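Shown below: protein_0.cif, with mmCIF, C-alpha atoms and all ligand atoms.
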```cif
data_query
loop_
_atom_site.label_atom_id
_atom_site.label_comp_id
_atom_site.auth_asym_id
_atom_site.auth_seq_id
_atom_site.Cartn_x
_atom_site.Cartn_y
_atom_site.Cartn_z
CA MET A 341 7.67 -21.65 20.43
CA ALA A 342 8.10 -18.78 22.92
CA GLU A 343 5.18 -16.37 23.13
CA VAL A 344 4.63 -12.82 24.36
CA THR A 345 1.49 -11.27 25.77
CA LEU A 346 0.71 -7.59 25.25
CA THR A 347 -2.27 -5.30 25.69
CA ILE A 348 -3.76 -3.46 22.72
CA ASP A 349 -6.60 -1.01 23.32
CA GLY A 350 -7.24 -2.74 26.63
CA LYS A 351 -7.40 -6.20 25.08
CA GLN A 352 -4.80 -8.84 25.99
CA VAL A 353 -3.37 -10.84 23.10
CA THR A 354 -0.69 -13.53 22.97
CA VAL A 355 1.44 -13.97 19.84
CA PRO A 356 4.60 -15.92 18.96
CA GLN A 357 7.86 -14.13 19.79
CA GLY A 358 8.96 -12.17 16.72
CA ALA A 359 5.42 -11.19 15.68
CA THR A 360 4.86 -7.50 15.05
CA VAL A 361 2.44 -5.22 16.88
CA LEU A 362 0.37 -5.09 13.68
CA GLU A 363 0.13 -8.88 13.56
CA ALA A 364 -0.86 -8.93 17.24
CA ALA A 365 -3.57 -6.33 16.58
CA GLN A 366 -4.86 -8.33 13.63
CA LYS A 367 -5.00 -11.43 15.80
CA ALA A 368 -7.01 -9.46 18.39
CA GLY A 369 -9.40 -8.21 15.69
CA ILE A 370 -8.22 -4.60 16.12
CA PHE A 371 -8.04 -2.51 12.95
CA ILE A 372 -4.83 -0.67 12.06
CA PRO A 373 -4.66 0.90 8.57
CA THR A 374 -1.82 -0.15 6.25
CA LEU A 375 -0.63 0.99 2.83
CA CYS A 376 2.87 -0.38 2.19
CA TYR A 377 2.32 -3.58 4.21
CA ASP A 378 1.60 -6.87 2.47
CA LYS A 379 1.81 -10.04 4.53
CA GLU A 380 3.45 -11.94 1.63
CA LEU A 381 6.25 -9.38 1.16
CA SER A 382 9.13 -7.84 3.13
CA LYS A 383 8.20 -4.92 5.34
CA PRO A 384 9.90 -1.58 4.62
CA GLY A 385 7.87 0.46 7.15
CA ALA A 386 7.64 3.11 4.46
CA CYS A 387 4.22 4.74 4.60
CA ARG A 388 3.86 5.14 8.43
CA ILE A 389 0.05 5.04 8.27
CA CYS A 390 0.13 2.13 10.75
CA VAL A 391 1.62 4.20 13.59
CA VAL A 392 0.47 3.43 17.14
CA GLU A 393 1.22 4.72 20.62
CA ILE A 394 3.23 2.40 22.87
CA ALA A 395 3.70 3.19 26.58
CA GLY A 396 7.34 4.15 27.22
CA PHE A 397 8.07 5.01 23.56
CA ARG A 398 8.90 8.66 22.82
CA CYS A 399 7.66 8.51 19.23
CA LEU A 400 4.80 6.85 17.34
CA PRO A 401 6.33 3.66 15.90
CA ALA A 402 5.08 1.93 12.76
CA SER A 403 3.28 -1.17 14.04
CA CYS A 404 4.13 -3.26 10.97
CA VAL A 405 7.86 -3.20 11.78
CA THR A 406 7.75 -3.02 15.61
CA GLU A 407 8.17 -6.33 17.36
CA ALA A 408 5.57 -7.15 19.99
CA ALA A 409 7.11 -7.49 23.45
CA GLU A 410 5.98 -8.99 26.75
CA GLY A 411 3.88 -6.50 28.76
CA MET A 412 3.72 -3.90 25.99
CA VAL A 413 0.75 -1.52 26.25
CA VAL A 414 -0.41 -0.28 22.85
CA THR A 415 -3.04 2.28 21.91
CA THR A 416 -4.21 2.40 18.30
CA THR A 417 -6.77 5.22 18.40
CA SER A 418 -5.33 7.99 20.62
CA ASP A 419 -5.64 11.63 19.46
CA ALA A 420 -1.93 11.68 18.56
CA VAL A 421 -2.24 8.53 16.44
CA VAL A 422 -5.35 9.74 14.62
CA GLU A 423 -3.77 13.16 13.97
CA ALA A 424 -0.57 11.56 12.63
CA ARG A 425 -2.52 9.31 10.26
CA LYS A 426 -4.61 12.23 9.02
CA THR A 427 -1.47 14.31 8.36
CA ILE A 428 0.17 11.42 6.44
CA LEU A 429 -2.96 11.08 4.30
CA GLU A 430 -3.16 14.82 3.64
CA LEU A 431 0.50 14.82 2.56
CA LEU A 432 -0.24 11.98 0.13
CA LEU A 433 -3.37 13.70 -1.18
CA GLU A 434 -1.37 16.86 -1.79
CA ASN A 435 0.41 15.17 -4.70
CA HIS A 436 -2.50 13.08 -5.94
CA PRO A 437 -5.12 13.74 -8.64
CA GLU A 438 -8.58 14.58 -7.31
CA ASP A 439 -10.38 12.40 -9.84
CA CYS A 440 -11.91 9.77 -7.57
CA LEU A 441 -15.27 10.11 -9.37
CA THR A 442 -13.82 8.80 -12.63
CA CYS A 443 -10.92 6.70 -11.29
CA SER A 444 -11.47 3.01 -12.02
CA LYS A 445 -10.22 2.21 -8.50
CA ASN A 446 -13.06 4.23 -6.97
CA GLY A 447 -14.62 2.13 -4.23
CA GLU A 448 -11.63 -0.17 -3.70
CA CYS A 449 -8.81 2.35 -3.13
CA LEU A 450 -7.16 2.26 0.29
CA LEU A 451 -6.15 5.93 0.06
CA GLN A 452 -9.77 6.88 -0.59
CA ASP A 453 -11.04 4.64 2.23
CA TYR A 454 -8.60 6.05 4.78
CA ALA A 455 -9.07 9.68 3.66
CA TYR A 456 -12.79 9.21 4.32
CA LYS A 457 -12.21 7.44 7.65
CA TYR A 458 -9.79 10.07 9.01
CA GLY A 459 -11.39 13.14 7.43
CA ALA A 460 -8.24 13.95 5.41
CA ARG A 461 -8.69 16.56 2.66
CA ALA A 462 -6.61 17.57 -0.33
CA GLY A 463 -5.21 21.09 -0.30
CA ALA A 464 -4.21 21.19 3.37
CA PHE A 465 -0.61 22.07 2.51
CA GLY A 466 -0.84 23.72 -0.94
CA GLY A 467 2.03 21.67 -2.37
CA GLU A 468 3.18 20.94 -5.90
CA LYS A 469 1.68 18.09 -8.00
CA HIS A 470 3.34 15.87 -10.58
CA ALA A 471 2.03 15.78 -14.16
CA TYR A 472 3.40 12.50 -15.51
CA PRO A 473 2.06 11.22 -18.84
CA ILE A 474 -0.21 8.18 -18.47
CA GLU A 475 1.48 5.09 -19.91
CA GLU A 476 -0.78 2.76 -21.91
CA ASP A 477 1.39 1.67 -24.86
CA ASN A 478 1.32 -1.99 -23.80
CA PRO A 479 -1.47 -4.59 -24.04
CA VAL A 480 -2.04 -5.17 -20.32
CA ILE A 481 -1.29 -2.36 -17.86
CA VAL A 482 -2.27 1.30 -17.63
CA ARG A 483 0.29 3.06 -15.46
CA ASP A 484 -0.54 6.46 -13.97
CA MET A 485 2.37 7.57 -11.80
CA ASN A 486 0.44 10.68 -10.73
CA LYS A 487 -1.59 8.34 -8.50
CA CYS A 488 1.38 6.39 -7.11
CA ILE A 489 1.93 6.77 -3.36
CA LEU A 490 5.40 5.15 -3.45
CA CYS A 491 4.43 2.30 -1.12
CA GLY A 492 6.73 0.00 -3.12
CA ARG A 493 4.39 -3.02 -3.04
CA CYS A 494 4.68 -3.46 -6.83
CA ILE A 495 8.50 -3.38 -6.62
CA ARG A 496 8.63 -5.97 -3.86
CA MET A 497 6.05 -8.17 -5.57
CA CYS A 498 8.06 -8.12 -8.81
CA GLU A 499 11.33 -8.87 -7.02
CA GLU A 500 10.41 -11.09 -4.08
CA LEU A 501 7.53 -13.20 -5.35
CA HIS A 502 8.02 -13.10 -9.08
CA GLY A 503 11.85 -12.89 -9.12
CA CYS A 504 11.88 -10.40 -12.00
CA SER A 505 13.05 -7.03 -10.53
CA VAL A 506 11.76 -5.17 -13.57
CA ILE A 507 10.86 -2.05 -11.60
CA ASP A 508 12.45 -0.06 -8.76
CA PHE A 509 12.48 3.42 -7.25
CA ALA A 510 14.12 5.93 -9.60
CA TYR A 511 15.29 9.50 -8.91
CA ARG A 512 15.22 11.16 -5.46
CA GLY A 513 13.06 13.37 -3.22
CA PHE A 514 9.95 14.87 -4.83
CA ASN A 515 10.96 13.31 -8.16
CA THR A 516 11.05 9.76 -6.81
CA LYS A 517 8.97 7.42 -8.96
CA VAL A 518 8.57 3.72 -9.66
CA ALA A 519 10.00 2.83 -13.06
CA PRO A 520 11.72 0.12 -15.07
CA ALA A 521 15.49 0.55 -15.56
CA LEU A 522 16.47 3.81 -17.31
CA ASP A 523 12.93 5.07 -16.67
CA THR A 524 11.71 3.36 -19.81
CA THR A 525 8.14 2.14 -20.36
CA TYR A 526 6.82 -1.29 -19.39
CA LYS A 527 6.65 -2.18 -23.08
CA GLU A 528 10.36 -1.46 -23.58
CA SER A 529 11.36 -3.26 -20.37
CA SER A 530 11.71 -6.99 -19.61
CA CYS A 531 8.21 -7.02 -17.99
CA VAL A 532 6.30 -10.24 -18.77
CA PHE A 533 2.94 -8.62 -17.90
CA CYS A 534 2.03 -11.16 -15.23
CA GLY A 535 -0.15 -8.46 -13.62
CA ASN A 536 1.01 -9.20 -10.06
CA CYS A 537 2.11 -5.57 -9.59
CA VAL A 538 -1.40 -4.45 -10.55
CA ALA A 539 -2.91 -6.87 -8.04
CA VAL A 540 -1.01 -5.36 -5.08
CA CYS A 541 -1.32 -1.66 -5.96
CA PRO A 542 -3.48 -0.12 -3.20
CA VAL A 543 -4.47 2.89 -5.33
CA GLY A 544 -5.22 3.54 -9.01
CA ALA A 545 -1.60 3.88 -10.22
CA LEU A 546 -1.62 0.47 -11.92
CA GLU A 547 -4.76 -0.76 -13.62
CA GLU A 548 -5.53 -3.77 -15.77
CA LYS A 549 -6.37 -2.41 -19.20
CA ALA A 550 -8.95 -5.11 -19.93
CA MET A 551 -10.99 -4.11 -16.86
CA MET A 552 -11.07 -0.36 -17.40
CA GLY A 553 -14.54 0.93 -18.22
CA LYS A 554 -16.03 -2.54 -17.69
CA GLY A 555 -17.87 -1.70 -14.49
CA ARG A 556 -17.37 -0.20 -11.04
CA SER A 557 -15.70 -2.26 -8.32
CA TRP A 558 -19.00 -2.99 -6.59
CA GLU A 559 -20.46 -4.36 -9.83
CA ILE A 560 -17.63 -6.86 -10.40
CA THR A 561 -17.26 -10.32 -8.88
CA LYS A 562 -13.62 -11.34 -8.47
CA VAL A 563 -12.53 -14.94 -8.96
CA LYS A 564 -9.25 -16.81 -8.67
CA THR A 565 -7.63 -17.17 -12.08
CA THR A 566 -4.42 -18.17 -13.84
CA CYS A 567 -2.45 -15.58 -15.78
CA PRO A 568 -2.36 -16.54 -19.48
CA PHE A 569 0.52 -14.29 -20.54
CA CYS A 570 3.98 -15.69 -19.91
CA GLY A 571 3.29 -19.39 -19.37
CA VAL A 572 4.50 -19.47 -15.74
CA GLY A 573 0.91 -19.97 -14.60
CA CYS A 574 0.75 -17.53 -11.67
CA ASN A 575 -2.54 -17.60 -9.77
CA PHE A 576 -4.12 -14.44 -8.43
CA ASP A 577 -7.51 -12.85 -7.62
FE1 LIG A 601 3.33 0.11 8.30
FE2 LIG A 601 3.33 1.22 5.83
S1 LIG A 601 1.91 -0.17 6.69
S2 LIG A 601 4.68 1.59 7.52
#
```
Please re-express this file's structure in structure tokens.
Amino acid sequence: MAEVTLTIDGKQVTVPQGATVLEAAQKAGIFIPTLCYDKELSKPGACRICVVEIAGFRCLPASCVTEAAEGMVVTTTSDAVVEARKTILELLLENHPEDCLTCSKNGECLLQDYAYKYGARAGAFGGEKHAYPIEEDNPVIVRDMNKCILCGRCIRMCEELHGCSVIDFAYRGFNTKVAPALDTTYKESSCVFCGNCVAVCPVGALEEKAMMGKGRSWEITKVKTTCPFCGVGCNFD
């Protein structure tokens, strides 16, 4: 298979042709933050947190959807990159509850981790916040759309790996949300409660009801298990 060699933060790395800059960085052991990316799913390049600087490019491309090319010179920690990531995080925090202390995802939330890493703070823009009701009228999932960052991982997991397509983006602009058809609840939809959407949510928008209040993330040991709900037998962490 043809290969390309590029330089990332001064380190040379060789990857198969067709690999992305993000995959090349991961191979080189160089950290690039991601929110919408999941290696098992298609890549929409939606959140832009993975932006990098590439010599000769006039913008900061998203590394998860930019193909690595021979001789490319990539910088992942320039001032422009760090500033862009911080701004993206502050925009997300603007429409996000500030309840990390009591959120059950506290300690394993990517938004929280990155906000800390890049010094992003809520209130930088003074924008409007949603006030969606929290959905918990089903036996398995607690859904809090106020915490959703619209990364779409749950949608792609449901459609691409589980083949169900129960949820999708609904509405437009500021009102965009993830919802089953006709913006109904999970209970009223064709959801089989496999829990795979919960497993890929990077924030606290989707939580497993059985785990809430049962301990903080650092007190829990995760194991591989088989979902008992629909009989398909999906395995997940
Ligand atoms: Fe690359 Fe979201 S992780 S755009």
Rank A:Lys469, A:Lys426, A:Arg483, A:Arg493 by their smallest atom-to-atom distance to ligand LIG 601 (chain A), using only C-alpha atoms and all ligand atoms, and report the top residue only.
->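 Closest residue, counting only C-alpha atoms and all ligand atoms: A:Arg493.
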Of the residues A:Leu490, A:Ala539, A:Cys390, A:Ala409, which is the one nearest to ligand LIG 601 (chain A), using only C-alpha atoms and all ligand atoms?
->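 Nearest to ligand LIG 601 (chain A): A:Cys390.
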Give me, as a tab-separated table, the closest atom pair and its distance (Å, one decimal) for every residue of chain A within a cut-off of 6 Å of ligand LIG 601 (chain A), counting only C-alpha atoms and all ligand atoms, rows sorted by chain and rising number.
```
residue	atom	partner	partner_atom	distance
A:Thr374	CA	A:LIG601	S1	3.8
A:Leu375	CA	A:LIG601	S1	4.8
A:Cys376	CA	A:LIG601	FE2	4.0
A:Tyr377	CA	A:LIG601	S1	4.2
A:Gly385	CA	A:LIG601	S2	3.4
A:Ala386	CA	A:LIG601	S2	4.5
A:Cys387	CA	A:LIG601	FE2	3.8
A:Arg388	CA	A:LIG601	S2	3.8
A:Ile389	CA	A:LIG601	FE2	5.6
A:Cys390	CA	A:LIG601	FE1	4.5
A:Ala402	CA	A:LIG601	FE1	5.1
A:Ser403	CA	A:LIG601	FE1	5.9
A:Cys404	CA	A:LIG601	FE1	4.4
```
With C-alpha atoms retained, could you export that selection as a PDB file, in the frame of the given file?
```pdb
ATOM      1  CA  THR A 374      -1.820  -0.150   6.250  1.00  0.00           C
ATOM      2  CA  LEU A 375      -0.630   0.990   2.830  1.00  0.00           C
ATOM      3  CA  CYS A 376       2.870  -0.380   2.190  1.00  0.00           C
ATOM      4  CA  TYR A 377       2.320  -3.580   4.210  1.00  0.00           C
ATOM      5  CA  GLY A 385       7.870   0.460   7.150  1.00  0.00           C
ATOM      6  CA  ALA A 386       7.640   3.110   4.460  1.00  0.00           C
ATOM      7  CA  CYS A 387       4.220   4.740   4.600  1.00  0.00           C
ATOM      8  CA  ARG A 388       3.860   5.140   8.430  1.00  0.00           C
ATOM      9  CA  ILE A 389       0.050   5.040   8.270  1.00  0.00           C
ATOM     10  CA  CYS A 390       0.130   2.130  10.750  1.00  0.00           C
ATOM     11  CA  ALA A 402       5.080   1.930  12.760  1.00  0.00           C
ATOM     12  CA  SER A 403       3.280  -1.170  14.040  1.00  0.00           C
ATOM     13  CA  CYS A 404       4.130  -3.260  10.970  1.00  0.00           C
TER      14      CYS A 404
END
```
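Reported to one decimal place, the separation of CA of Cys399 (chain A) from CA of Thr360 (chain A) is 16.8 Å.
CA of Ile474 (chain A) is positioned 18.3 Å from CA of Phe514 (chain A).
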Mind listing whatever residues come within 12 Å of the point (-5.0, -12.7, 21.5)? Use only C-alpha atoms, file coordinates, and give them as a PyMOL selection string.
-> chain A and resi 343-356+361+363-370
Kindly export the residues of the current selection with C-alpha atoms, as a PDB file, keeping the file's coordinate frame.
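Here's the written file out28.pdb:
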```
ATOM      1  CA  GLU A 343       5.180 -16.370  23.130  1.00  0.00           C
ATOM      2  CA  VAL A 344       4.630 -12.820  24.360  1.00  0.00           C
ATOM      3  CA  THR A 345       1.490 -11.270  25.770  1.00  0.00           C
ATOM      4  CA  LEU A 346       0.710  -7.590  25.250  1.00  0.00           C
ATOM      5  CA  THR A 347      -2.270  -5.300  25.690  1.00  0.00           C
ATOM      6  CA  ILE A 348      -3.760  -3.460  22.720  1.00  0.00           C
ATOM      7  CA  ASP A 349      -6.600  -1.010  23.320  1.00  0.00           C
ATOM      8  CA  GLY A 350      -7.240  -2.740  26.630  1.00  0.00           C
ATOM      9  CA  LYS A 351      -7.400  -6.200  25.080  1.00  0.00           C
ATOM     10  CA  GLN A 352      -4.800  -8.840  25.990  1.00  0.00           C
ATOM     11  CA  VAL A 353      -3.370 -10.840  23.100  1.00  0.00           C
ATOM     12  CA  THR A 354      -0.690 -13.530  22.970  1.00  0.00           C
ATOM     13  CA  VAL A 355       1.440 -13.970  19.840  1.00  0.00           C
ATOM     14  CA  PRO A 356       4.600 -15.920  18.960  1.00  0.00           C
ATOM     15  CA  VAL A 361       2.440  -5.220  16.880  1.00  0.00           C
ATOM     16  CA  GLU A 363       0.130  -8.880  13.560  1.00  0.00           C
ATOM     17  CA  ALA A 364      -0.860  -8.930  17.240  1.00  0.00           C
ATOM     18  CA  ALA A 365      -3.570  -6.330  16.580  1.00  0.00           C
ATOM     19  CA  GLN A 366      -4.860  -8.330  13.630  1.00  0.00           C
ATOM     20  CA  LYS A 367      -5.000 -11.430  15.800  1.00  0.00           C
ATOM     21  CA  ALA A 368      -7.010  -9.460  18.390  1.00  0.00           C
ATOM     22  CA  GLY A 369      -9.400  -8.210  15.690  1.00  0.00           C
ATOM     23  CA  ILE A 370      -8.220  -4.600  16.120  1.00  0.00           C
TER      24      ILE A 370
END
```
